[in-house]
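Have a look at model_17.txt below; it lists compact mmCIF, C-alpha atoms.
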```
# COMPACT_ATOMS: atom_id res chain seq x y z
CA MET Q 1 -21.61 1.93 -23.12
CA THR Q 2 -23.92 -1.04 -23.58
CA LYS Q 3 -23.71 -4.15 -21.46
CA ALA Q 4 -22.44 -6.11 -24.46
CA HIS Q 5 -19.60 -3.60 -25.04
CA TYR Q 6 -18.74 -3.69 -21.37
CA ARG Q 7 -18.54 -7.50 -21.36
CA GLU Q 8 -16.62 -7.51 -24.61
CA ASP Q 9 -13.99 -5.08 -23.25
CA GLU Q 10 -13.77 -7.02 -20.04
CA GLN Q 11 -13.15 -10.34 -21.82
CA ARG Q 12 -10.71 -8.88 -24.34
CA TRP Q 13 -8.63 -7.03 -21.71
CA SER Q 14 -8.57 -10.08 -19.52
CA ARG Q 15 -7.42 -12.25 -22.45
CA LEU Q 16 -4.75 -9.72 -23.45
CA MET Q 17 -3.52 -9.47 -19.87
CA VAL Q 18 -3.22 -13.23 -19.61
CA ALA Q 19 -1.16 -13.17 -22.82
CA ALA Q 20 0.95 -10.34 -21.36
CA GLN Q 21 1.53 -12.39 -18.22
CA SER Q 22 2.97 -15.13 -20.39
CA GLY Q 23 5.27 -12.60 -22.09
CA ASN Q 24 3.41 -11.78 -25.30
CA ALA Q 25 4.68 -8.28 -26.18
CA LYS Q 26 2.28 -7.70 -29.08
CA ASP Q 27 -0.85 -8.39 -27.05
CA TYR Q 28 0.56 -6.38 -24.18
CA GLU Q 29 1.15 -3.39 -26.44
CA GLN Q 30 -2.42 -3.66 -27.70
CA LEU Q 31 -3.74 -3.87 -24.14
CA LEU Q 32 -1.77 -0.83 -22.96
CA THR Q 33 -2.81 1.15 -26.03
CA GLU Q 34 -6.48 0.38 -25.40
CA LEU Q 35 -6.14 1.04 -21.69
CA SER Q 36 -4.34 4.35 -22.15
CA ALA Q 37 -7.20 5.61 -24.33
CA PHE Q 38 -9.76 4.26 -21.88
CA ILE Q 39 -8.01 5.72 -18.82
CA GLY Q 40 -7.49 9.09 -20.53
CA HIS Q 41 -11.17 9.27 -21.41
CA TYR Q 42 -12.19 8.08 -17.95
CA LEU Q 43 -10.09 10.71 -16.16
CA ARG Q 44 -11.01 13.52 -18.57
CA SER Q 45 -14.71 12.83 -18.13
CA ARG Q 46 -14.29 12.90 -14.36
CA ILE Q 47 -11.75 15.58 -13.58
CA GLY Q 48 -11.67 17.60 -16.78
CA ALA Q 49 -8.67 18.46 -18.94
CA HIS Q 50 -6.22 18.74 -16.06
CA GLN Q 51 -2.66 19.75 -16.93
CA SER Q 52 -1.25 16.61 -15.29
CA LEU Q 53 -3.69 14.18 -16.86
CA ASP Q 54 -1.13 12.78 -19.30
CA ASP Q 55 1.34 12.20 -16.48
CA TRP Q 56 -1.26 10.41 -14.43
CA VAL Q 57 -2.14 8.17 -17.35
CA GLN Q 58 1.57 7.35 -17.69
CA ASP Q 59 1.89 6.66 -13.96
CA ILE Q 60 -1.12 4.34 -14.19
CA LEU Q 61 0.35 2.48 -17.17
CA ILE Q 62 3.62 2.02 -15.28
CA ALA Q 63 1.74 0.76 -12.18
CA ILE Q 64 -0.18 -1.68 -14.38
CA HIS Q 65 3.14 -2.86 -15.79
CA GLN Q 66 4.68 -3.30 -12.35
CA GLY Q 67 1.64 -5.07 -10.97
CA ARG Q 68 0.64 -7.17 -13.96
CA HIS Q 69 1.60 -10.33 -12.07
CA THR Q 70 -1.06 -9.54 -9.44
CA TYR Q 71 -3.97 -9.80 -11.87
CA ASN Q 72 -5.87 -13.01 -11.28
CA PRO Q 73 -7.32 -14.28 -14.62
CA THR Q 74 -10.17 -16.05 -12.83
CA ARG Q 75 -11.50 -12.68 -11.68
CA ALA Q 76 -12.87 -9.64 -13.51
CA ILE Q 77 -10.19 -7.20 -14.63
CA ARG Q 78 -12.10 -3.98 -13.90
CA PRO Q 79 -11.90 -4.03 -10.05
CA TRP Q 80 -8.15 -4.63 -10.33
CA LEU Q 81 -7.72 -1.93 -12.96
CA PHE Q 82 -9.88 0.67 -11.23
CA ALA Q 83 -8.12 0.13 -7.90
CA ILE Q 84 -4.87 1.08 -9.66
CA ILE Q 85 -6.43 4.01 -11.55
CA ARG Q 86 -8.02 5.49 -8.44
CA HIS Q 87 -4.94 5.09 -6.32
CA GLN Q 88 -2.46 6.46 -8.84
CA THR Q 89 -4.68 9.45 -9.66
CA ILE Q 90 -5.21 10.39 -6.04
CA ASP Q 91 -1.53 9.83 -5.32
CA GLY Q 92 -0.61 12.05 -8.26
CA MET Q 93 -2.93 14.78 -7.01
CA ARG Q 94 -1.48 14.55 -3.52
CA ARG Q 95 2.08 14.76 -4.78
CA GLN Q 96 1.17 17.72 -6.90
CA SER Q 97 -0.51 19.58 -4.07
CA ALA Q 98 2.47 18.89 -1.77
CA TYR Q 99 4.79 20.22 -4.46
CA GLN Q 100 2.56 23.26 -4.95
CA LYS Q 101 2.74 23.97 -1.22
CA MET Q 102 6.53 23.72 -1.29
CA LEU Q 103 6.69 26.18 -4.17
CA GLU Q 104 4.39 28.58 -2.35
CA GLN Q 105 6.55 28.37 0.76
CA GLN Q 106 9.66 29.04 -1.29
CA ALA Q 107 7.99 32.04 -2.92
CA GLU Q 108 7.05 33.36 0.53
CA GLN Q 109 10.62 32.94 1.75
CA VAL Q 110 12.00 34.74 -1.26
CA ALA Q 111 9.55 37.61 -0.78
CA TYR Q 112 10.41 37.79 2.91
CA ALA Q 113 14.15 37.90 2.29
CA MET Q 114 13.74 40.56 -0.39
CA ASN Q 115 11.57 42.76 1.85
CA ASP Q 116 13.84 42.28 4.83
CA GLY Q 117 16.62 44.22 3.16
CA HIS Q 118 19.29 41.56 3.59
CA GLY Q 119 21.03 42.67 0.46
CA GLU Q 120 20.93 40.92 -2.86
CA MET Q 121 18.93 37.75 -2.88
CA LYS Q 122 20.88 34.83 -4.23
CA GLU Q 123 19.44 33.72 -7.57
CA PRO Q 124 17.10 30.80 -7.14
CA LEU Q 125 18.39 27.63 -8.67
CA ILE Q 126 16.13 27.92 -11.68
CA GLU Q 127 14.87 31.38 -12.53
CA GLY Q 128 14.14 31.19 -16.24
CA TYR Q 129 10.54 31.69 -17.20
CA LEU Q 130 10.74 28.87 -19.73
CA PHE Q 131 11.65 26.51 -16.94
CA LYS Q 132 8.81 27.89 -14.87
CA ALA Q 133 6.45 27.14 -17.72
CA LEU Q 134 7.17 23.43 -17.33
CA LYS Q 135 4.79 21.24 -15.39
CA PRO Q 136 5.87 20.99 -11.73
CA GLN Q 137 6.77 17.31 -11.88
CA HIS Q 138 8.78 17.78 -15.08
CA ARG Q 139 10.64 20.73 -13.61
CA GLU Q 140 11.27 18.72 -10.45
CA ALA Q 141 12.69 15.78 -12.40
CA LEU Q 142 14.85 18.04 -14.55
CA THR Q 143 16.16 20.03 -11.57
CA LEU Q 144 17.19 16.94 -9.67
CA THR Q 145 18.89 15.19 -12.57
CA LYS Q 146 20.22 17.91 -14.83
CA ILE Q 147 20.80 20.82 -12.43
CA ILE Q 148 21.63 19.20 -9.08
CA GLY Q 149 23.16 16.24 -10.87
CA LEU Q 150 21.60 13.30 -9.05
CA SER Q 151 21.54 9.94 -10.80
CA SER Q 152 18.19 8.69 -12.13
CA LYS Q 153 18.01 6.19 -9.29
CA GLU Q 154 18.73 8.81 -6.60
CA ALA Q 155 16.29 11.30 -8.07
CA ALA Q 156 13.60 8.65 -8.44
CA SER Q 157 13.93 7.57 -4.83
CA LYS Q 158 13.91 11.22 -3.68
CA LEU Q 159 10.63 11.79 -5.51
CA GLY Q 160 9.17 8.43 -4.50
CA ILE Q 161 8.64 7.32 -8.09
CA SER Q 162 10.09 4.58 -10.26
CA GLU Q 163 13.16 5.11 -12.38
CA VAL Q 164 11.10 4.54 -15.54
CA THR Q 165 8.69 7.31 -14.51
CA LEU Q 166 11.56 9.66 -13.77
CA LYS Q 167 13.16 9.02 -17.14
CA VAL Q 168 9.84 9.61 -18.88
CA ARG Q 169 9.41 12.89 -16.99
CA VAL Q 170 12.91 14.08 -17.83
CA HIS Q 171 12.37 13.14 -21.44
CA ARG Q 172 9.09 15.01 -21.60
CA ALA Q 173 10.53 18.03 -19.78
CA ILE Q 174 13.37 18.30 -22.26
CA LYS Q 175 10.98 17.91 -25.15
CA GLN Q 176 8.75 20.62 -23.71
CA LEU Q 177 11.68 22.95 -23.10
CA LYS Q 178 12.81 22.43 -26.66
CA LYS Q 179 9.33 23.30 -27.92
CA LEU Q 180 9.24 26.43 -25.78
CA LEU Q 181 12.65 27.50 -26.98
CA GLU Q 182 11.67 26.98 -30.60
CA ALA Q 183 8.52 29.02 -30.10
CA GLU Q 184 10.48 31.79 -28.44
CA SER Q 185 12.84 32.35 -31.35
CA TYR Q 186 9.93 33.66 -33.42
CA GLU Q 187 8.90 36.20 -30.81
CA MET Z 1 -0.52 8.18 -32.50
CA SER Z 2 -1.06 8.74 -28.78
CA SER Z 3 1.51 10.68 -26.75
CA HIS Z 4 1.89 7.58 -24.56
CA GLN Z 5 2.95 5.37 -27.42
CA PRO Z 6 6.75 5.61 -26.76
CA LEU Z 7 6.18 4.56 -23.15
CA ILE Z 8 3.81 1.76 -24.18
CA LYS Z 9 6.32 0.48 -26.70
CA SER Z 10 9.13 0.51 -24.14
CA LEU Z 11 6.98 -1.28 -21.55
CA ALA Z 12 5.86 -3.87 -24.10
CA ALA Z 13 9.47 -4.38 -25.18
CA GLU Z 14 10.53 -5.27 -21.66
CA VAL Z 15 7.59 -7.56 -20.89
CA THR Z 16 8.64 -10.96 -19.58
CA PRO Z 17 6.57 -13.93 -18.41
CA VAL Z 18 5.44 -13.58 -14.82
CA LYS Z 19 4.52 -16.25 -12.30
CA ALA Z 20 0.92 -16.42 -11.15
CA LEU Z 21 0.42 -15.34 -7.56
CA MET Z 22 -0.76 -17.69 -4.86
CA ASN Z 23 -4.40 -17.13 -3.85
CA ASN Z 24 -4.56 -14.30 -1.29
CA ASP Z 25 -6.68 -16.09 1.26
CA LEU Z 26 -4.61 -19.25 1.06
CA LEU Z 27 -1.42 -17.23 1.52
CA ALA Z 28 -3.00 -15.44 4.50
CA LEU Z 29 -3.97 -18.74 6.11
CA LEU Z 30 -0.55 -20.31 5.52
CA TRP Z 31 1.15 -17.25 6.99
CA LEU Z 32 -1.25 -17.34 9.92
CA LEU Z 33 -0.69 -21.03 10.54
CA GLY Z 34 3.09 -20.59 10.49
CA SER Z 35 2.88 -17.54 12.75
CA ILE Z 36 0.63 -19.31 15.26
CA VAL Z 37 2.92 -22.34 15.43
CA TYR Z 38 5.93 -20.03 15.89
CA CYS Z 39 4.24 -17.91 18.59
CA LEU Z 40 2.93 -20.90 20.54
CA THR Z 41 6.32 -22.59 20.40
CA ILE Z 42 8.25 -19.56 21.57
CA ILE Z 43 5.73 -18.72 24.30
CA HIS Z 44 5.89 -22.30 25.61
CA LEU Z 45 9.69 -22.39 25.42
CA LEU Z 46 10.40 -19.03 27.02
CA GLY Z 47 8.08 -18.86 29.98
CA PRO Z 48 5.54 -20.51 32.25
CA ILE Z 49 2.06 -21.41 31.02
CA ARG Z 50 -0.95 -21.02 33.28
CA SER Z 51 -1.47 -24.61 34.33
CA SER Z 52 -5.27 -24.36 34.63
CA ALA Z 53 -5.71 -22.66 31.23
CA TYR Z 54 -6.67 -25.76 29.24
CA SER Z 55 -9.17 -27.04 31.77
CA GLN Z 56 -10.68 -23.52 32.04
CA LEU Z 57 -11.11 -23.56 28.29
CA ILE Z 58 -13.27 -26.67 28.56
CA ILE Z 59 -15.29 -25.84 31.66
CA GLU Z 60 -15.81 -22.10 31.15
CA PRO Z 61 -17.86 -21.42 27.99
CA ARG Z 62 -17.28 -17.67 28.16
CA PHE Z 63 -13.52 -18.14 28.27
CA MET Z 64 -13.86 -20.46 25.28
CA LEU Z 65 -15.96 -17.76 23.56
CA GLU Z 66 -13.24 -15.15 24.24
CA MET Z 67 -10.59 -17.42 22.74
CA LEU Z 68 -12.73 -18.25 19.69
CA ALA Z 69 -13.60 -14.58 19.19
CA GLY Z 70 -9.88 -13.74 19.31
CA LEU Z 71 -9.03 -16.45 16.80
CA THR Z 72 -11.83 -15.32 14.45
CA ALA Z 73 -10.58 -11.72 14.69
CA ILE Z 74 -7.04 -12.84 13.84
CA VAL Z 75 -8.14 -14.98 10.88
CA LEU Z 76 -10.34 -12.25 9.36
CA THR Z 77 -7.74 -9.52 9.97
CA SER Z 78 -5.10 -11.64 8.23
CA VAL Z 79 -7.39 -12.24 5.24
CA VAL Z 80 -8.17 -8.52 4.94
CA ALA Z 81 -4.52 -7.55 5.37
CA PHE Z 82 -3.32 -9.90 2.63
CA ARG Z 83 -6.11 -8.80 0.30
CA HIS Z 84 -4.67 -5.30 0.66
CA THR Z 85 -1.58 -6.53 -1.18
CA VAL Z 86 -3.43 -7.06 -4.46
CA PRO Z 87 -5.36 -4.23 -6.18
CA GLY Z 88 -9.13 -4.63 -6.11
CA ALA Z 89 -9.07 -7.86 -4.09
CA LEU Z 90 -10.64 -6.41 -0.97
CA SER Z 91 -14.40 -6.40 -0.57
CA ARG Z 92 -16.40 -4.31 1.86
CA PRO Z 93 -18.22 -7.21 3.59
CA VAL Z 94 -14.91 -8.88 4.52
CA THR Z 95 -13.49 -5.62 5.88
CA ILE Z 96 -16.64 -4.98 7.91
CA SER Z 97 -16.66 -8.57 9.24
CA ALA Z 98 -13.02 -8.27 10.33
CA SER Z 99 -13.66 -4.93 12.06
CA ILE Z 100 -16.68 -6.36 13.86
CA ALA Z 101 -14.70 -9.45 14.94
CA VAL Z 102 -11.85 -7.34 16.37
CA LEU Z 103 -14.25 -4.99 18.15
CA PHE Z 104 -16.25 -7.94 19.48
CA TRP Z 105 -13.09 -9.51 20.92
CA ILE Z 106 -12.00 -6.23 22.52
CA GLY Z 107 -15.60 -5.70 23.67
CA LEU Z 108 -15.64 -9.09 25.41
CA ASN Z 109 -12.50 -8.12 27.30
CA ILE Z 110 -13.95 -4.73 28.24
CA TYR Z 111 -17.12 -6.47 29.44
CA GLY Z 112 -14.83 -8.81 31.41
CA LEU Z 113 -13.65 -5.80 33.45
CA PHE Z 114 -17.09 -5.79 35.09
CA ASP Z 115 -17.93 -9.47 34.82
CA PRO Z 116 -14.84 -11.63 34.16
CA ALA Z 117 -15.29 -14.92 32.26
CA ILE Z 118 -13.21 -16.70 34.90
CA GLU Z 119 -11.99 -15.64 38.32
CA PRO Z 120 -8.97 -13.31 37.80
CA SER Z 121 -5.80 -14.68 39.39
CA THR Z 122 -2.05 -14.20 39.29
CA GLU Z 123 -1.38 -17.81 38.30
CA GLY Z 124 1.04 -18.07 35.36
CA TYR Z 125 2.29 -14.50 35.75
CA ARG Z 126 4.92 -13.63 33.12
CA HIS Z 127 7.03 -10.65 34.13
CA TYR Z 128 7.74 -9.36 30.67
CA CYS Z 129 4.53 -10.29 28.83
CA VAL Z 130 4.13 -6.77 27.48
CA TYR Z 131 7.55 -6.91 25.79
CA GLU Z 132 7.07 -10.54 24.79
CA THR Z 133 3.87 -9.70 22.91
CA PHE Z 134 5.61 -6.94 20.99
CA ILE Z 135 8.81 -8.82 20.24
CA TYR Z 136 7.18 -12.13 19.29
CA ALA Z 137 5.00 -10.29 16.76
CA LEU Z 138 7.97 -8.85 14.87
CA PRO Z 139 9.13 -11.98 12.95
CA PRO Z 140 5.62 -12.72 11.57
CA LEU Z 141 5.33 -9.05 10.62
CA PHE Z 142 8.69 -9.18 8.86
CA ILE Z 143 7.66 -12.32 6.94
CA ALA Z 144 4.35 -10.65 5.99
CA GLY Z 145 6.33 -7.66 4.71
CA LEU Z 146 8.48 -9.93 2.55
CA LEU Z 147 5.38 -11.62 1.16
CA ALA Z 148 3.73 -8.27 0.46
CA ARG Z 149 6.87 -7.11 -1.31
CA ARG Z 150 6.20 -9.58 -4.13
CA ARG Z 151 2.75 -8.07 -4.67
CA LEU Z 152 1.41 -4.62 -5.43
CA VAL Z 153 0.54 -2.79 -2.24
CA LEU Z 154 -1.27 0.41 -3.16
CA GLU Z 155 -2.46 1.52 0.26
CA LEU Z 156 0.70 1.10 2.28
CA GLY Z 157 -0.76 2.43 5.54
CA ASN Z 158 -3.83 0.20 5.50
CA ALA Z 159 -1.87 -2.89 4.49
CA GLY Z 160 0.73 -2.18 7.18
CA PHE Z 161 -1.92 -1.65 9.83
CA GLY Z 162 -3.73 -4.88 8.93
CA LEU Z 163 -0.62 -7.04 8.80
CA GLY Z 164 0.77 -5.43 11.97
CA LEU Z 165 -2.48 -5.91 13.84
CA ALA Z 166 -2.77 -9.55 12.73
CA ALA Z 167 0.86 -10.21 13.71
CA GLY Z 168 0.40 -8.45 17.06
CA MET Z 169 -2.86 -10.16 17.93
CA ILE Z 170 -1.39 -13.67 17.62
CA PRO Z 171 0.88 -13.51 20.70
CA ALA Z 172 -1.67 -11.29 22.46
CA TRP Z 173 -4.31 -13.96 21.92
CA TYR Z 174 -2.20 -16.82 23.23
CA MET Z 175 -1.04 -14.75 26.23
CA GLN Z 176 -4.65 -15.13 27.35
CA MET Z 177 -3.77 -18.80 27.91
CA ALA Z 178 -0.14 -18.44 28.93
CA CYS Z 179 -0.18 -15.40 31.20
CA ILE Z 180 -2.48 -14.52 34.12
CA TYR Z 181 -6.18 -14.22 33.48
CA SER Z 182 -7.32 -10.67 34.07
CA PRO Z 183 -9.24 -8.65 31.48
CA GLU Z 184 -7.52 -5.43 32.57
CA HIS Z 185 -4.11 -7.07 32.24
CA MET Z 186 -5.14 -8.48 28.84
CA LEU Z 187 -6.19 -5.07 27.55
CA ARG Z 188 -3.15 -3.16 28.87
CA PHE Z 189 -0.32 -5.65 28.51
CA HIS Z 190 -1.39 -7.90 25.63
CA LEU Z 191 -3.78 -6.04 23.33
CA LEU Z 192 -2.14 -2.63 23.65
CA PRO Z 193 1.24 -3.94 22.43
CA ALA Z 194 -0.61 -5.55 19.50
CA ILE Z 195 -1.94 -2.12 18.55
CA VAL Z 196 1.58 -0.68 18.98
CA VAL Z 197 2.83 -3.36 16.54
CA ALA Z 198 0.13 -2.24 14.08
CA GLY Z 199 1.28 1.38 14.44
CA THR Z 200 4.90 0.36 13.97
CA ALA Z 201 3.94 -1.57 10.84
CA VAL Z 202 2.17 1.49 9.42
CA LEU Z 203 5.38 3.51 9.85
CA LEU Z 204 7.53 0.75 8.37
CA PHE Z 205 5.24 0.32 5.38
CA LYS Z 206 4.76 4.05 4.80
CA THR Z 207 8.48 4.67 4.79
CA ARG Z 208 8.82 1.54 2.62
CA GLY Z 209 11.19 0.13 5.18
CA LEU Z 210 9.37 -3.17 5.02
CA VAL Z 211 7.94 -3.28 1.51
CA GLY Z 212 9.78 -1.92 -1.47
CA VAL Z 213 6.58 -1.54 -3.46
CA VAL Z 214 5.30 -0.19 -5.92
CA ASP Z 215 8.71 -0.41 -7.56
CA LYS Z 216 8.80 -4.18 -7.61
```
Would you mind writing the file out in structure tokens?
Amino acid sequence: MTKAHYREDEQRWSRLMVAAQSGNAKDYEQLLTELSAFIGHYLRSRIGAHQSLDDWVQDILIAIHQGRHTYNPTRAIRPWLFAIIRHQTIDGMRRQSAYQKMLEQQAEQVAYAMNDGHGEMKEPLIEGYLFKALKPQHREALTLTKIIGLSSKEAASKLGISEVTLKVRVHRAIKQLKKLLEAESYE
Amino acid sequence: MSSHQPLIKSLAAEVTPVKALMNNDLLALLWLLGSIVYCLTIIHLLGPIRSSAYSQLIIEPRFMLEMLAGLTAIVLTSVVAFRHTVPGALSRPVTISASIAVLFWIGLNIYGLFDPAIEPSTEGYRHYCVYETFIYALPPLFIAGLLARRRLVLELGNAGFGLGLAAGMIPAWYMQMACIYSPEHMLRFHLLPAIVVAGTAVLLFKTRGLVGVVDK
């Protein structure tokens, strides 16, 4: 990227954000569209095609939305934007690794109980391989809302995410499940 | 069409005008001013003040230096802490300056263990200064939490620590005037509670008990 491009992006994003702060939906949509492409490219070039990359981009867009009032138009937009990108990405990775650990522990417990000869192991809440094929955070969101039956608000607070994020995850999980089911019928 | 388009459209649809935030440093200084006035008032109202403190401030340059170092540490810590409430607002030089100022203030008190700025005495002894320091710091911390709530705190632990430390150091600093003069007493009964306040603030912020961010 040349210096001129860099400056151009900087000025345009700043202008669009100022418009968004005054409630201009069209400019805001343009800004988020440009930023989602930029953030996706930025993360892909740095951490590769990670399975959760799309979720992180969404989390970042939501954080930008929630913190848009904190952008100061007299200052450059990049430090503000990159602080959010870095934080949300690292946070997403941490959450994922914590969830991974929990799953590993559960798997160990199941194996232990099976080997211990305590009779039939009770079926885990979600055993289906299609469900297992979902991304951890999608499965988590779906389990809490559709299986355990928590409200969106309760599930969101349990996961430490916003309600909007939770709804997006549930929506994507269902869409993914549907896709998997459709693919299965041909097998 | 990108896979994020439905989300982008829904976010754009719910966009409403937002108020511009007050400048971070100005907010930090206003909060600090209010907190200092509150702490000084309550310390004066609820206990004795070392009668020789003000004259010692004038005639003992090292005591004056200790007080100025403490005030500088509080101002810089407040600025850093409030900058933590806006993404990308914090710069490394300010953080380093604040850390140096706090360490310098603590260092002066540690040096005072071997060579006190003024003759240690029991004049102005306040029986419960250790609890006073902790308790007096809580309202400023609570106000800081409310102010942070309107912003976007990304690093909850760091913001909590900074705001807690700034809130705790204010009564600790003025106890140097109000309570007995003794560097050891200052370190154990005034500065230690300030650090406990900072730790408490970290817990409160991390559990989002004090700031309901990021979900504004």
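The list of residues with at least one atom within 10 Å of Leu27 in chain Z, based on all atoms listed in the file and without residues fewer than 3 positions apart in the same chain, reads Z:Leu21, Z:Met22, Z:Asn23, Z:Asn24, Z:Leu30, Z:Trp31, Z:Leu32, Z:Leu33, Z:Ser78, Z:Val79, Z:Phe82, Z:Arg83, Z:Ala144, Z:Leu147.
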How close does chain Z get to chain Q? List, as a Markdown table, each residue of chain Z within 6 Å, its nearest atom pair and the distance in Å to one decimal, counting all atoms listed in the file.
```
| residue | atom | partner | partner_atom | distance |
| --- | --- | --- | --- | --- |
| Z:Ala12 | CA | Q:Ala25 | CA | 5.0 |
| Z:Val15 | CA | Q:Gly23 | CA | 5.7 |
| Z:Thr16 | CA | Q:Gly23 | CA | 4.5 |
| Z:Pro17 | CA | Q:Gly23 | CA | 4.1 |
| Z:Val18 | CA | Q:Gln21 | CA | 5.3 |
| Z:Pro87 | CA | Q:Trp80 | CA | 5.0 |
| Z:Gly88 | CA | Q:Trp80 | CA | 4.3 |
| Z:Leu152 | CA | Q:Gly67 | CA | 5.6 |
| Z:Asp215 | CA | Q:Ser162 | CA | 5.8 |
```
Quiz prompt | Residue nearest Leu53 in chain Q - candidates Q:His171, Q:Glu10, Q:Lys135, Q:Arg15, atoms counted: all atoms listed in the file | solution = Q:Lys135
Practice problem: Kindly indicate which residue among Z:Tyr131, Z:Tyr181, Z:Trp105, Z:Tyr136 lies nearest to Glu119 in chain Z, using only C-alpha atoms for the distances. | Solution: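 Looking at the shortest contact to Glu119 in chain Z, the residue is Z:Tyr181.
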Quiz item: Could you tell me, as a ChimeraX atom specification, which residues have any atom at most 6 Å from (-4.1, -7.5, 26.8), counting all atoms listed in the file?
Solution: /Z:185-191
Quiz item: Counting all atoms listed in the file, what is within 8 Å of Ser152 in chain Q, bar same-chain residues fewer than 6 positions away, as number ranges by chain?
Solution: Q: 145, 163, 166-167
Exercise. For range 137-142 of chain Z, work out the shell of residues within 7 Å, counting only C-alpha atoms and skipping chain neighbours fewer than 4 positions away, then give it as an NGL selection string.
Key: :Z and (35 or 133 or 146 or 163-164 or 167-168 or 171)
Practice problem: Just give me the residues with any atom within 12 Å of (-3.5, -21.2, 14.7), file coordinates, counting all atoms listed in the file, written as a ChimeraX atom specification. | Solution: /Z:28-41,67-68,70-75,78,166-167,169-171,173-174
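If you look at CA of Met93 in chain Q and CA of Ser52 in chain Q, they are 8.6 Å away from each other.
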Quiz item: In terms of the shortest atom-to-atom distance over only C-alpha atoms, which of Z:Cys179, Z:Leu108, Z:Ala98, Z:Ala201 is closest to Leu76 in chain Z?
Solution: Z:Ala98
Exercise. Could you give me, as a list in words, the residues within 12 Å of Gly112 in chain Z, counting all atoms listed in the file and dropping anything in the same chain fewer than 2 positions from it?
Key: Arg62, Phe63, Leu65, Glu66, Trp105, Ile106, Gly107, Leu108, Asn109, Ile110, Phe114, Asp115, Pro116, Ala117, Ile118, Glu119, Pro120, Tyr181, Ser182, Pro183, Glu184, His185, Met186 and Leu187 of chain Z
